[in-house]
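> Provided below: start_24.txt, containing compact mmCIF, C-alpha atoms.
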# COMPACT_ATOMS: atom_id res chain seq x y z
CA MET A 1 -46.21 -62.90 7.19
CA ASP A 2 -49.72 -63.83 6.03
CA GLY A 3 -51.04 -63.60 9.57
CA VAL A 4 -54.54 -62.80 10.77
CA HIS A 5 -53.29 -59.32 11.71
CA ASP A 6 -53.38 -58.53 7.98
CA LEU A 7 -57.00 -57.52 8.15
CA GLY A 8 -57.50 -55.01 5.32
CA GLY A 9 -60.41 -56.14 3.17
CA ARG A 10 -61.24 -59.19 5.25
CA GLN A 11 -64.94 -59.95 5.52
CA GLY A 12 -66.92 -61.32 8.42
CA PHE A 13 -66.57 -58.27 10.67
CA GLY A 14 -69.43 -56.12 11.92
CA THR A 15 -70.37 -52.63 12.97
CA ILE A 16 -67.54 -50.51 14.32
CA ASN A 17 -68.07 -49.96 18.04
CA TYR A 18 -67.84 -46.20 17.61
CA ALA A 19 -68.34 -43.31 19.96
CA PRO A 20 -66.78 -39.85 19.72
CA ASP A 21 -64.24 -39.06 22.46
CA ALA A 22 -63.66 -42.80 22.86
CA PRO A 23 -61.10 -43.75 25.51
CA PHE A 24 -57.78 -45.39 24.77
CA PHE A 25 -57.01 -46.76 28.26
CA HIS A 26 -59.51 -48.77 30.31
CA ALA A 27 -57.41 -49.94 33.21
CA ASP A 28 -54.25 -49.02 35.05
CA TRP A 29 -52.43 -52.10 33.76
CA GLU A 30 -52.95 -50.85 30.19
CA LYS A 31 -51.25 -47.52 30.95
CA ARG A 32 -48.40 -49.43 32.60
CA VAL A 33 -47.87 -51.92 29.77
CA ASN A 34 -47.96 -49.12 27.21
CA ALA A 35 -45.24 -47.30 29.13
CA LEU A 36 -43.21 -50.47 29.68
CA TYR A 37 -42.92 -51.29 26.01
CA GLY A 38 -41.96 -47.66 25.38
CA LEU A 39 -39.25 -48.00 28.01
CA ALA A 40 -37.96 -51.17 26.39
CA VAL A 41 -37.68 -49.38 23.03
CA ARG A 42 -36.03 -46.38 24.73
CA LYS A 43 -33.48 -48.72 26.34
CA GLY A 44 -32.75 -50.42 23.02
CA ILE A 45 -34.01 -53.84 24.08
CA PHE A 46 -35.97 -54.03 20.86
CA ASN A 47 -37.12 -51.74 18.05
CA MET A 48 -40.61 -50.87 16.79
CA ASP A 49 -40.44 -53.33 13.89
CA GLU A 50 -39.56 -56.18 16.28
CA TYR A 51 -42.41 -55.04 18.53
CA ARG A 52 -44.96 -55.07 15.71
CA HIS A 53 -43.76 -58.44 14.45
CA ALA A 54 -43.97 -60.02 17.90
CA ILE A 55 -47.65 -58.99 17.97
CA GLU A 56 -48.16 -60.50 14.50
CA ARG A 57 -46.54 -63.73 15.74
CA MET A 58 -49.22 -64.34 18.36
CA PRO A 59 -51.11 -67.57 17.66
CA ALA A 60 -54.03 -66.59 15.44
CA ARG A 61 -56.79 -67.42 17.94
CA HIS A 62 -55.03 -65.48 20.70
CA TYR A 63 -54.50 -62.48 18.42
CA LEU A 64 -58.16 -62.34 17.42
CA SER A 65 -59.50 -62.74 20.95
CA ALA A 66 -57.05 -60.49 22.79
CA SER A 67 -57.68 -56.86 23.62
CA TYR A 68 -55.35 -54.29 22.10
CA TYR A 69 -53.14 -53.91 25.17
CA GLU A 70 -53.07 -57.66 25.73
CA ARG A 71 -51.36 -57.78 22.32
CA THR A 72 -48.87 -55.17 23.52
CA LEU A 73 -48.30 -57.22 26.67
CA THR A 74 -47.75 -60.48 24.78
CA SER A 75 -45.30 -58.88 22.36
CA LEU A 76 -43.33 -57.25 25.17
CA ALA A 77 -43.15 -60.48 27.18
CA THR A 78 -42.11 -62.51 24.12
CA LEU A 79 -39.32 -60.10 23.28
CA LEU A 80 -38.03 -59.99 26.86
CA VAL A 81 -37.71 -63.78 26.70
CA GLU A 82 -36.17 -63.81 23.21
CA LYS A 83 -33.68 -61.11 24.18
CA GLY A 84 -32.64 -63.09 27.25
CA LEU A 85 -33.87 -60.84 30.06
CA VAL A 86 -36.06 -63.57 31.52
CA SER A 87 -37.02 -67.14 30.70
CA ALA A 88 -40.55 -68.19 29.77
CA GLN A 89 -40.58 -70.31 32.91
CA GLY A 90 -39.39 -67.35 34.97
CA LEU A 91 -42.23 -65.21 33.68
CA GLN A 92 -44.79 -67.84 34.64
CA GLU A 93 -43.35 -68.04 38.14
CA LEU A 94 -43.41 -64.26 38.51
CA ALA A 95 -46.99 -64.10 37.21
CA GLN A 96 -48.09 -67.21 39.16
CA GLY A 97 -49.92 -68.56 36.15
CA ASN A 98 -49.59 -69.41 32.47
CA PHE A 99 -48.19 -66.59 30.38
CA PRO A 100 -48.99 -67.17 26.70
CA LEU A 101 -46.34 -65.88 24.34
CA SER A 102 -45.99 -65.42 20.58
CA ARG A 103 -44.74 -68.08 18.20
CA SER A 104 -41.16 -68.02 16.98
CA SER A 105 -40.08 -65.90 14.07
CA ALA A 106 -39.03 -66.87 10.57
CA PRO A 107 -35.65 -65.51 9.45
CA GLY A 108 -35.51 -61.95 8.12
CA ARG A 109 -34.23 -60.78 4.77
CA SER A 110 -32.34 -57.78 3.46
CA ASN A 111 -33.40 -55.32 0.75
CA LEU A 112 -34.79 -57.08 -2.32
CA ASP A 113 -33.48 -54.59 -4.88
CA ALA A 114 -31.59 -51.34 -5.24
CA PRO A 115 -33.89 -48.42 -4.40
CA LEU A 116 -36.19 -47.31 -7.20
CA ALA A 117 -36.02 -43.66 -8.26
CA LEU A 118 -39.75 -43.17 -8.65
CA LYS A 119 -41.53 -39.88 -9.36
CA VAL A 120 -45.06 -38.74 -8.67
CA GLY A 121 -47.19 -40.08 -11.50
CA ASP A 122 -45.15 -43.24 -12.13
CA ARG A 123 -47.15 -46.44 -12.44
CA VAL A 124 -45.95 -49.35 -10.35
CA ARG A 125 -47.01 -52.86 -9.45
CA VAL A 126 -46.61 -54.50 -6.06
CA LYS A 127 -44.55 -57.66 -6.42
CA ASN A 128 -46.21 -61.07 -6.10
CA ASP A 129 -44.03 -61.67 -3.07
CA PHE A 130 -44.69 -63.89 -0.06
CA PHE A 131 -42.53 -63.72 3.06
CA ALA A 132 -42.96 -65.45 6.40
CA GLY A 133 -41.27 -62.70 8.41
CA HIS A 134 -42.27 -59.13 9.11
CA VAL A 135 -43.46 -57.32 5.99
CA ARG A 136 -45.39 -54.07 5.77
CA MET A 137 -47.17 -55.06 2.57
CA PRO A 138 -50.85 -55.68 3.33
CA GLY A 139 -52.06 -58.68 1.33
CA TYR A 140 -54.77 -56.65 -0.37
CA ILE A 141 -52.16 -54.82 -2.52
CA ARG A 142 -50.02 -57.82 -3.47
CA GLY A 143 -49.68 -57.97 -7.27
CA LYS A 144 -51.82 -54.84 -7.72
CA ALA A 145 -51.01 -51.81 -9.86
CA GLY A 146 -51.11 -48.22 -8.63
CA VAL A 147 -49.75 -44.71 -9.14
CA VAL A 148 -47.08 -42.91 -7.10
CA VAL A 149 -48.59 -39.84 -5.40
CA GLY A 150 -45.80 -39.06 -2.93
CA GLU A 151 -42.44 -40.04 -1.53
CA SER A 152 -41.44 -40.29 2.12
CA PRO A 153 -38.01 -40.25 3.74
CA ALA A 154 -36.14 -43.53 3.75
CA TYR A 155 -37.04 -45.85 6.62
CA PRO A 156 -35.40 -48.98 8.05
CA PHE A 157 -36.47 -51.94 5.93
CA PRO A 158 -38.96 -53.81 8.14
CA ASP A 159 -38.22 -57.26 6.72
CA ALA A 160 -34.67 -56.86 7.99
CA HIS A 161 -35.08 -54.49 10.91
CA ALA A 162 -37.53 -56.76 12.72
CA HIS A 163 -35.06 -59.63 12.50
CA GLY A 164 -31.64 -58.16 13.22
CA VAL A 165 -30.62 -58.51 9.57
CA ALA A 166 -28.42 -55.82 8.03
CA ALA A 167 -30.06 -53.66 5.36
CA GLN A 168 -30.17 -50.15 3.92
CA ASP A 169 -32.97 -47.77 4.79
CA GLU A 170 -35.34 -47.61 1.81
CA PRO A 171 -37.42 -44.87 0.23
CA THR A 172 -41.14 -45.40 0.63
CA PHE A 173 -43.83 -44.19 -1.70
CA ASP A 174 -47.51 -43.38 -1.22
CA ILE A 175 -49.16 -45.47 -3.92
CA ALA A 176 -52.77 -44.81 -4.93
CA PHE A 177 -54.85 -47.88 -5.75
CA ARG A 178 -58.47 -47.92 -6.90
CA SER A 179 -60.74 -50.04 -4.71
CA GLU A 180 -62.45 -51.34 -7.86
CA GLU A 181 -59.13 -52.91 -8.86
CA LEU A 182 -58.32 -54.21 -5.40
CA TRP A 183 -61.73 -55.88 -4.94
CA PRO A 184 -63.58 -55.93 -8.30
CA ASN A 185 -67.35 -55.55 -7.86
CA ALA A 186 -66.88 -55.99 -4.14
CA SER A 187 -66.02 -52.64 -2.57
CA ASP A 188 -67.16 -49.06 -2.01
CA ALA A 189 -65.51 -46.80 -4.58
CA ALA A 190 -62.45 -45.07 -3.13
CA THR A 191 -58.80 -44.39 -3.78
CA VAL A 192 -56.85 -46.43 -1.25
CA HIS A 193 -53.33 -45.13 -0.53
CA VAL A 194 -50.68 -47.33 1.00
CA GLY A 195 -47.11 -46.41 1.96
CA VAL A 196 -45.01 -49.02 0.15
CA PHE A 197 -41.32 -49.78 0.52
CA SER A 198 -39.24 -49.67 -2.66
CA SER A 199 -38.35 -53.38 -2.33
CA TYR A 200 -42.01 -54.35 -2.62
CA LEU A 201 -42.43 -52.49 -5.92
CA GLN A 202 -41.61 -52.92 -9.58
CA ARG A 203 -42.07 -50.35 -12.34
CA ILE A 204 -44.75 -50.69 -14.97
CA ASP A 205 -43.33 -49.41 -18.22
CA MET B 1 -39.60 -70.98 20.75
CA ALA B 2 -40.64 -74.23 22.47
CA GLU B 3 -43.85 -74.15 24.46
CA PRO B 4 -42.79 -73.65 28.09
CA SER B 5 -43.72 -76.48 30.40
CA SER B 6 -46.27 -75.22 32.81
CA ASP B 7 -46.87 -75.94 36.47
CA PHE B 8 -49.95 -73.79 36.44
CA SER B 9 -53.50 -74.80 35.69
CA GLN B 10 -54.69 -71.32 34.78
CA THR B 11 -53.52 -68.35 32.79
CA ALA B 12 -52.29 -65.49 34.96
CA SER B 13 -54.52 -62.43 34.97
CA LEU B 14 -53.53 -59.43 32.89
CA GLU B 15 -52.59 -57.54 36.04
CA GLN B 16 -50.40 -60.41 37.21
CA ARG B 17 -48.69 -60.60 33.82
CA VAL B 18 -47.95 -56.87 33.77
CA ALA B 19 -46.62 -57.05 37.32
CA ALA B 20 -44.34 -59.91 36.23
CA ILE B 21 -42.93 -57.77 33.45
CA GLU B 22 -42.40 -54.85 35.80
CA ALA B 23 -40.47 -57.20 38.08
CA VAL B 24 -38.21 -58.16 35.17
CA PHE B 25 -37.50 -54.48 34.49
CA GLU B 26 -36.72 -53.92 38.17
CA THR B 27 -34.36 -56.92 38.23
CA HIS B 28 -32.43 -55.37 35.38
CA GLY B 29 -32.22 -52.01 37.12
CA MET B 30 -34.45 -50.23 34.64
CA GLN B 31 -36.70 -48.47 37.20
CA PRO B 32 -40.04 -48.65 35.45
CA GLY B 33 -41.89 -46.56 38.05
CA PRO B 34 -40.72 -43.08 37.05
CA PHE B 35 -40.96 -43.91 33.36
CA ILE B 36 -44.53 -45.17 33.76
CA ALA B 37 -45.44 -41.96 35.57
CA GLY B 38 -43.83 -39.84 32.85
CA MET B 39 -45.53 -41.61 29.98
CA THR B 40 -48.90 -41.64 31.69
CA HIS B 41 -48.59 -37.90 32.12
CA ALA B 42 -47.54 -37.42 28.50
CA ALA B 43 -50.41 -39.52 27.20
CA ALA B 44 -52.92 -37.50 29.21
CA GLU B 45 -51.46 -33.99 28.97
CA GLU B 46 -49.02 -33.68 26.07
CA TRP B 47 -50.21 -35.96 23.28
CA VAL B 48 -53.63 -34.43 22.88
CA PRO B 49 -55.89 -33.60 19.94
CA GLN B 50 -55.71 -29.94 20.95
CA ASN B 51 -52.24 -29.99 19.36
CA GLY B 52 -53.62 -30.94 15.98
CA ALA B 53 -56.50 -28.55 16.43
CA ARG B 54 -54.00 -25.67 16.77
CA VAL B 55 -52.31 -26.83 13.56
CA VAL B 56 -55.61 -26.90 11.68
CA ALA B 57 -56.67 -23.50 13.05
CA LYS B 58 -53.39 -21.91 12.00
CA ALA B 59 -53.62 -23.49 8.53
CA TRP B 60 -57.07 -21.93 8.16
CA ALA B 61 -55.95 -18.50 9.39
CA ASP B 62 -52.53 -18.31 7.74
CA PRO B 63 -52.19 -19.38 4.05
CA GLY B 64 -48.39 -19.33 4.25
CA PHE B 65 -48.45 -21.78 7.17
CA LYS B 66 -50.93 -23.96 5.31
CA GLN B 67 -48.54 -24.23 2.36
CA ARG B 68 -45.65 -25.08 4.65
CA LEU B 69 -47.80 -27.69 6.39
CA LEU B 70 -48.70 -29.33 3.09
CA GLN B 71 -45.05 -29.30 1.98
CA ASN B 72 -43.42 -30.61 5.16
CA GLY B 73 -45.79 -31.40 7.98
CA LYS B 74 -43.19 -32.33 10.60
CA ALA B 75 -41.31 -29.04 10.16
CA ALA B 76 -44.53 -27.02 10.12
CA VAL B 77 -45.91 -28.44 13.39
CA ALA B 78 -42.52 -27.75 14.97
CA GLU B 79 -43.22 -24.03 14.39
CA LEU B 80 -46.00 -24.45 16.98
CA GLY B 81 -43.65 -26.22 19.39
CA LEU B 82 -45.08 -29.64 18.54
CA SER B 83 -42.72 -32.57 18.21
CA MET B 84 -42.99 -36.08 16.85
CA PRO B 85 -40.96 -39.17 17.79
CA ALA B 86 -37.70 -39.45 15.89
CA HIS B 87 -38.88 -42.54 14.02
CA HIS B 88 -41.93 -40.65 12.64
CA ARG B 89 -39.83 -38.99 9.97
CA HIS B 90 -42.63 -37.40 7.94
CA LEU B 91 -46.10 -35.95 8.57
CA VAL B 92 -48.52 -35.63 5.69
CA ALA B 93 -51.46 -33.27 6.09
CA LEU B 94 -54.34 -34.45 3.89
CA GLU B 95 -56.39 -31.51 2.68
CA ASN B 96 -60.15 -32.01 2.36
CA THR B 97 -61.92 -30.02 -0.36
CA THR B 98 -65.50 -29.71 -1.57
CA SER B 99 -64.86 -32.76 -3.77
CA VAL B 100 -62.39 -34.85 -1.72
CA HIS B 101 -62.71 -36.42 1.74
CA ASN B 102 -59.66 -38.03 3.36
CA LEU B 103 -59.73 -40.83 5.93
CA ILE B 104 -56.89 -42.50 7.86
CA CYS B 105 -56.42 -46.04 9.15
CA CYS B 106 -53.79 -48.63 10.00
CA THR B 107 -55.02 -52.01 8.78
CA LEU B 108 -51.95 -53.86 10.10
CA CYS B 109 -51.89 -52.46 13.64
CA SER B 110 -52.71 -48.97 15.07
CA CYS B 111 -50.20 -46.43 13.75
CA THR B 112 -51.29 -42.85 14.53
CA ALA B 113 -49.74 -39.36 14.60
CA PHE B 114 -50.29 -39.64 18.34
CA THR B 115 -48.22 -36.67 19.50
CA ILE B 116 -50.30 -34.44 17.24
CA ILE B 117 -53.84 -35.84 17.32
CA GLY B 118 -53.65 -37.94 20.50
CA LEU B 119 -53.53 -41.67 21.11
CA PRO B 120 -55.80 -43.70 18.86
CA PRO B 121 -59.29 -44.48 20.18
CA ASP B 122 -60.47 -48.05 20.73
CA TRP B 123 -62.45 -48.29 17.52
CA TYR B 124 -59.46 -47.25 15.36
CA LYS B 125 -57.38 -50.13 16.77
CA ASP B 126 -60.12 -52.72 16.73
CA LEU B 127 -60.50 -55.45 14.12
CA ASP B 128 -63.72 -54.21 12.46
CA TYR B 129 -62.45 -50.76 11.43
CA ARG B 130 -59.11 -52.15 10.27
CA ALA B 131 -60.81 -54.82 8.14
CA ARG B 132 -63.67 -52.77 6.67
CA VAL B 133 -62.52 -49.17 6.21
CA VAL B 134 -60.30 -49.80 3.15
CA ARG B 135 -62.94 -51.86 1.35
CA GLU B 136 -66.26 -50.34 2.57
CA SER B 137 -65.19 -46.75 3.24
CA ARG B 138 -68.45 -44.99 2.38
CA THR B 139 -70.55 -47.56 4.26
CA VAL B 140 -68.32 -47.40 7.34
CA LEU B 141 -68.45 -43.61 7.41
CA ARG B 142 -72.24 -43.66 7.13
CA GLU B 143 -72.46 -46.11 10.02
CA MET B 144 -70.26 -43.77 12.05
CA GLY B 145 -72.60 -40.87 11.32
CA LEU B 146 -70.91 -39.25 8.32
CA ASP B 147 -73.03 -39.53 5.20
CA LEU B 148 -71.02 -38.03 2.35
CA ALA B 149 -72.66 -36.77 -0.83
CA PRO B 150 -72.17 -39.28 -3.63
CA GLU B 151 -70.07 -36.89 -5.71
CA ILE B 152 -67.43 -36.58 -2.97
CA GLU B 153 -64.37 -38.71 -3.73
CA ILE B 154 -63.10 -40.73 -0.76
CA ARG B 155 -59.35 -41.18 -0.25
CA VAL B 156 -58.31 -43.73 2.36
CA TRP B 157 -54.72 -43.69 3.71
CA ASP B 158 -53.37 -46.90 5.24
CA THR B 159 -50.47 -46.10 7.57
CA THR B 160 -47.98 -48.82 6.72
CA THR B 161 -44.66 -46.98 7.09
CA ASP B 162 -43.41 -44.59 9.78
CA THR B 163 -44.89 -41.66 7.90
CA ARG B 164 -47.90 -40.32 9.80
CA TYR B 165 -51.02 -38.59 8.54
CA MET B 166 -53.60 -36.09 9.72
CA VAL B 167 -56.65 -34.74 7.95
CA LEU B 168 -56.80 -30.99 7.32
CA PRO B 169 -60.56 -30.45 7.27
CA GLN B 170 -62.28 -27.66 5.37
CA GLN B 171 -63.01 -24.56 7.40
CA PRO B 172 -66.77 -24.27 7.99
CA PRO B 173 -67.97 -21.09 6.25
CA HIS B 174 -69.68 -19.70 9.35
CA THR B 175 -66.25 -19.51 11.09
CA ALA B 176 -64.66 -17.15 8.57
CA GLY B 177 -62.64 -14.49 10.36
CA TRP B 178 -62.69 -16.23 13.76
CA PRO B 179 -59.51 -15.94 15.86
CA GLU B 180 -57.28 -19.04 15.82
CA GLN B 181 -58.04 -19.89 19.45
CA GLU B 182 -61.76 -20.12 18.66
CA LEU B 183 -61.14 -22.08 15.46
CA ALA B 184 -59.06 -24.63 17.34
CA LYS B 185 -61.92 -25.35 19.75
CA ILE B 186 -64.10 -26.89 17.04
CA VAL B 187 -61.54 -29.37 15.66
CA THR B 188 -61.74 -32.88 17.12
CA LYS B 189 -59.65 -36.05 16.95
CA GLU B 190 -62.39 -37.73 14.92
CA VAL B 191 -62.28 -34.94 12.32
CA MET B 192 -58.49 -35.23 12.04
CA ILE B 193 -58.76 -38.99 11.51
CA GLY B 194 -61.48 -38.36 8.95
CA VAL B 195 -64.50 -40.15 10.40
CA ALA B 196 -66.36 -36.94 11.21
CA SER B 197 -66.86 -33.67 9.42
CA LEU B 198 -67.28 -30.11 10.59
CA ALA B 199 -69.61 -29.33 7.69
CA LEU B 200 -72.04 -32.02 8.78
CA PRO B 201 -73.12 -32.93 12.32
CA ALA B 202 -70.95 -35.57 14.04
CA ALA B 203 -72.55 -38.75 15.38
CA SER B 204 -73.94 -38.20 18.84
If you convert what's in this file into structure tokens, what do you get?

Amino acid sequence: MDGVHDLGGRQGFGTINYAPDAPFFHADWEKRVNALYGLAVRKGIFNMDEYRHAIERMPARHYLSASYYERTLTSLATLLVEKGLVSAQGLQELAQGNFPLSRSSAPGRSNLDAPLALKVGDRVRVKNDFFAGHVRMPGYIRGKAGVVVGESPAYPFPDAHAHGVAAQDEPTFDIAFRSEELWPNASDAATVHVGVFSSYLQRID
Amino acid sequence: MAEPSSDFSQTASLEQRVAAIEAVFETHGMQPGPFIAGMTHAAAEEWVPQNGARVVAKAWADPGFKQRLLQNGKAAVAELGLSMPAHHRHLVALENTTSVHNLICCTLCSCTAFTIIGLPPDWYKDLDYRARVVRESRTVLREMGLDLAPEIEIRVWDTTTDTRYMVLPQQPPHTAGWPEQELAKIVTKEVMIGVASLALPAAS
């Protein structure tokens, strides 16, 4: 999904609000909502890919203006409604106010190809692929060429796993891209590594 | 999903919304209270950067462990009694050298090796770091107080799968021969994410 969550390389942002030893919880409700979504995953109500995609599905303006744990909260609430544990109306009555939820999901898809047997050093290109569902391909690598520097264990294919579609787990590869090729004349020099699912890749001969 | 019709003129507060969700869990017999207490405890006491600091200290003190860590991070940290969630199937330790500096992010959300280095700090999860670190890595590090020499190559790692990463920093020369317990005390979360260095002063 080409949502606003796909932030890598986007311009218009400012100084990172950095301090060492920065906190990760600011209020009791944040600790509770973090635990609650963990409980939902533990109980099998939804999986991590569904959770991430429900955050991505927040209306763009809400996503950009919400705090981190408000995104967790909105995803959790949306999935509880979509999985039938409560209605949207019921949530509003319990909360005694409006309860904004995420937008509905596009259909998922299964693996795009048989898994590639890539080796460290192989050159690959990310497919020029666009998908409205959950996809763990940041837009900044779409269509770009890189080199395999490592392989990870196979993982559930997000494009399927976030949507209840059957699929095989896929190998994933750490692909090294040069920033000069990702953003020509418009980046600090670096090697940018991204973990890429086999389905998103094609070999360069 | 259709927009729900609303009888309310205002959005419920965050606290009200969380309480509503807790009520849904209760209705379904899922007893959120004990689980919340357990996870709050884990976040504060178990998933701490001191875990990763022990891993780094041992890698500095024990070359055999370092090799095992670089080969299979999840198995190596298990030697120290450290576990990772089942869905984090792989841990990659990124070794800094005199010519290479590694740096970790998650541009799409906030993925972190949280059981090893602790839960991610605010700035890691916020929009500015996620947007800028892959494209303006050297500038972002300088703003955060880490000014790398121009000849040092920067490697950024965007956490897009369920593989997790941690930086294995270089051991500062003045700590040669220190016991592991003392070595562990100098390693911070920021160093293991890659936005601070032990060779140079961290931002104050």
> So how many Å separate atom CA of Ser102 of chain A and atom CA of Trp47 of chain B, to one decimal?
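So the answer is 29.9 Å.
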> I'd like a table as CSV: residues in chain B with an atom no more than 7 Å from chain A, each row giving the shortest atom pair and its distance in Å to one decimal, only C-alpha atoms counted, sorted by chain and rising residue number.

residue,atom,partner,partner_atom,distance
B:Met1,CA,A:Ser104,CA,5.0
B:Pro4,CA,A:Ala88,CA,6.1
B:Ser6,CA,A:Asn98,CA,6.7
B:Phe8,CA,A:Gly97,CA,5.2
B:Gln10,CA,A:Gly97,CA,5.7
B:Thr11,CA,A:Asn98,CA,4.1
B:Ala12,CA,A:Gly97,CA,4.1
B:Glu15,CA,A:Trp29,CA,5.9
B:Gln16,CA,A:Ala95,CA,5.0
B:Arg17,CA,A:Ala95,CA,5.2
B:Val18,CA,A:Val33,CA,6.4
B:Ala20,CA,A:Leu94,CA,5.0
B:Ile21,CA,A:Ala77,CA,6.8
B:Val24,CA,A:Val86,CA,6.9
B:Pro32,CA,A:Leu36,CA,6.8
B:Phe35,CA,A:Ala35,CA,6.9
B:Ile36,CA,A:Ala35,CA,5.1
B:Met39,CA,A:Ala35,CA,5.8
B:Thr40,CA,A:Lys31,CA,6.4
B:Arg89,CA,A:Pro153,CA,6.6
B:His90,CA,A:Ser152,CA,6.6
B:Thr107,CA,A:Gly8,CA,5.2
B:Leu108,CA,A:Asp6,CA,5.3
B:Leu119,CA,A:Phe24,CA,6.7
B:Pro120,CA,A:Phe24,CA,6.5
B:Pro121,CA,A:Phe24,CA,4.9
B:Asp122,CA,A:Phe24,CA,5.5
B:Trp123,CA,A:Tyr18,CA,5.8
B:Asp128,CA,A:Phe13,CA,5.3
B:Tyr129,CA,A:Ile16,CA,5.9
B:Arg130,CA,A:Gly8,CA,5.9
B:Ala131,CA,A:Gly8,CA,4.4
B:Arg132,CA,A:Gly9,CA,5.9
B:Val134,CA,A:Gly8,CA,6.3
B:Arg135,CA,A:Ser187,CA,5.0
B:Glu136,CA,A:Asp188,CA,4.8
B:Ser137,CA,A:Asp188,CA,6.1
B:Arg138,CA,A:Asp188,CA,6.1
B:Met144,CA,A:Tyr18,CA,6.5
B:Glu153,CA,A:Ala190,CA,6.7
B:Ile154,CA,A:Ala190,CA,5.0
B:Arg155,CA,A:Thr191,CA,4.8
B:Val156,CA,A:Val192,CA,4.7
B:Trp157,CA,A:His193,CA,4.7
B:Asp158,CA,A:Val194,CA,5.0
B:Thr159,CA,A:Gly195,CA,6.5
B:Thr160,CA,A:Gly195,CA,5.4
B:Thr161,CA,A:Gly195,CA,5.7
B:Thr163,CA,A:Ser152,CA,6.9
B:Glu190,CA,A:Pro20,CA,6.8
> Between atom CA of Tyr200 of chain A and atom CA of Leu112 of chain A, what is the spacing in Å?
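Between atom CA of Leu112 of chain A and atom CA of Tyr200 of chain A the gap is 7.7 Å.
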> Calculate how many Å separate atom CA of Ala114 of chain A from atom CA of Val126 of chain A, rounding to one decimal.
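Distance reported for this atom pair: 15.4 Å.
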> Go through B:Ser83, B:Asn72, B:Asn96, B:Ser110 one by one, measure the shortest atom-to-atom distance of each to Val167 of chain B using all atoms listed in the file, and give the residue with the smallest value.
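Closest candidate: B:Asn96.
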> For a quick check of your reading of the model, name the residues lying within 6 Å of the coordinate (-45.0, -46.6, -9.2), counting only C-alpha atoms, and write them as a list of chain:residue names.
A:Asp122, A:Arg123, A:Val124, A:Val147, A:Val148, A:Arg203
> Report, as lines of an AutoDock Vina configuration file, the axis-aligned box around all atoms of segment 93-108 of chain A present in the file, extended by 5 Å on each side; give centre and edge lengths in Å to one decimal place.

center_x = -42.7
center_y = -65.7
center_z = 23.6
size_x = 24.4
size_y = 17.5
size_z = 41.0
> Quick one: residues within 10 Å of Leu80 of chain B, all atoms listed in the file counted, chain neighbours fewer than 4 positions away excluded, as a list of chain:residue names?
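My reading of the contact set: B:Asn51, B:Arg54, B:Val55, B:Lys58, B:Ala75, B:Ala76.
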> May I have the residues at most 6 Å from (-39.6, -57.7, 9.0) in the file's coordinates, counting only C-alpha atoms, as a PDB file with C-alpha atoms, in the frame of the given file?

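Written output follows (part_17.pdb):
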ATOM      1  CA  GLY A 108     -35.510 -61.950   8.120  1.00  0.00           C
ATOM      2  CA  GLY A 133     -41.270 -62.700   8.410  1.00  0.00           C
ATOM      3  CA  HIS A 134     -42.270 -59.130   9.110  1.00  0.00           C
ATOM      4  CA  VAL A 135     -43.460 -57.320   5.990  1.00  0.00           C
ATOM      5  CA  PRO A 158     -38.960 -53.810   8.140  1.00  0.00           C
ATOM      6  CA  ASP A 159     -38.220 -57.260   6.720  1.00  0.00           C
ATOM      7  CA  ALA A 160     -34.670 -56.860   7.990  1.00  0.00           C
ATOM      8  CA  HIS A 161     -35.080 -54.490  10.910  1.00  0.00           C
ATOM      9  CA  ALA A 162     -37.530 -56.760  12.720  1.00  0.00           C
TER      10      ALA A 162
END
> Excluding same-chain residues fewer than 5 positions from Met192 of chain B, what lies within 8 Å of it counting only C-alpha atoms, as a PyMOL selection string?
chain B and resi 52+117+166-169+187
> For segment 18-25 of chain A, where the input has fewer atoms than it should, I would like N, CA and C atoms rebuilt and written as a PDB file, keeping the file's coordinate frame.

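Below you can see part-v1.pdb, which holds the result:
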ATOM      1  N   TYR A  18     -68.312 -47.584  17.653  1.00  0.00           N
ATOM      2  CA  TYR A  18     -67.840 -46.200  17.610  1.00  0.00           C
ATOM      3  C   TYR A  18     -68.548 -45.305  18.600  1.00  0.00           C
ATOM      4  N   ALA A  19     -67.793 -44.447  19.243  1.00  0.00           N
ATOM      5  CA  ALA A  19     -68.340 -43.310  19.960  1.00  0.00           C
ATOM      6  C   ALA A  19     -67.314 -42.194  19.859  1.00  0.00           C
ATOM      7  N   PRO A  20     -67.753 -40.944  19.703  1.00  0.00           N
ATOM      8  CA  PRO A  20     -66.780 -39.850  19.720  1.00  0.00           C
ATOM      9  C   PRO A  20     -66.156 -39.745  21.109  1.00  0.00           C
ATOM     10  N   ASP A  21     -64.945 -39.193  21.174  1.00  0.00           N
ATOM     11  CA  ASP A  21     -64.240 -39.060  22.460  1.00  0.00           C
ATOM     12  C   ASP A  21     -64.020 -40.424  23.113  1.00  0.00           C
ATOM     13  N   ALA A  22     -63.825 -41.457  22.313  1.00  0.00           N
ATOM     14  CA  ALA A  22     -63.660 -42.800  22.860  1.00  0.00           C
ATOM     15  C   ALA A  22     -62.348 -42.881  23.645  1.00  0.00           C
ATOM     16  N   PRO A  23     -62.332 -43.646  24.716  1.00  0.00           N
ATOM     17  CA  PRO A  23     -61.100 -43.750  25.510  1.00  0.00           C
ATOM     18  C   PRO A  23     -60.044 -44.585  24.795  1.00  0.00           C
ATOM     19  N   PHE A  24     -58.819 -44.494  25.268  1.00  0.00           N
ATOM     20  CA  PHE A  24     -57.780 -45.390  24.770  1.00  0.00           C
ATOM     21  C   PHE A  24     -57.189 -46.252  25.865  1.00  0.00           C
ATOM     22  N   PHE A  25     -57.397 -45.908  27.134  1.00  0.00           N
ATOM     23  CA  PHE A  25     -57.010 -46.760  28.260  1.00  0.00           C
ATOM     24  C   PHE A  25     -58.264 -47.096  29.061  1.00  0.00           C
TER      25      PHE A  25
END
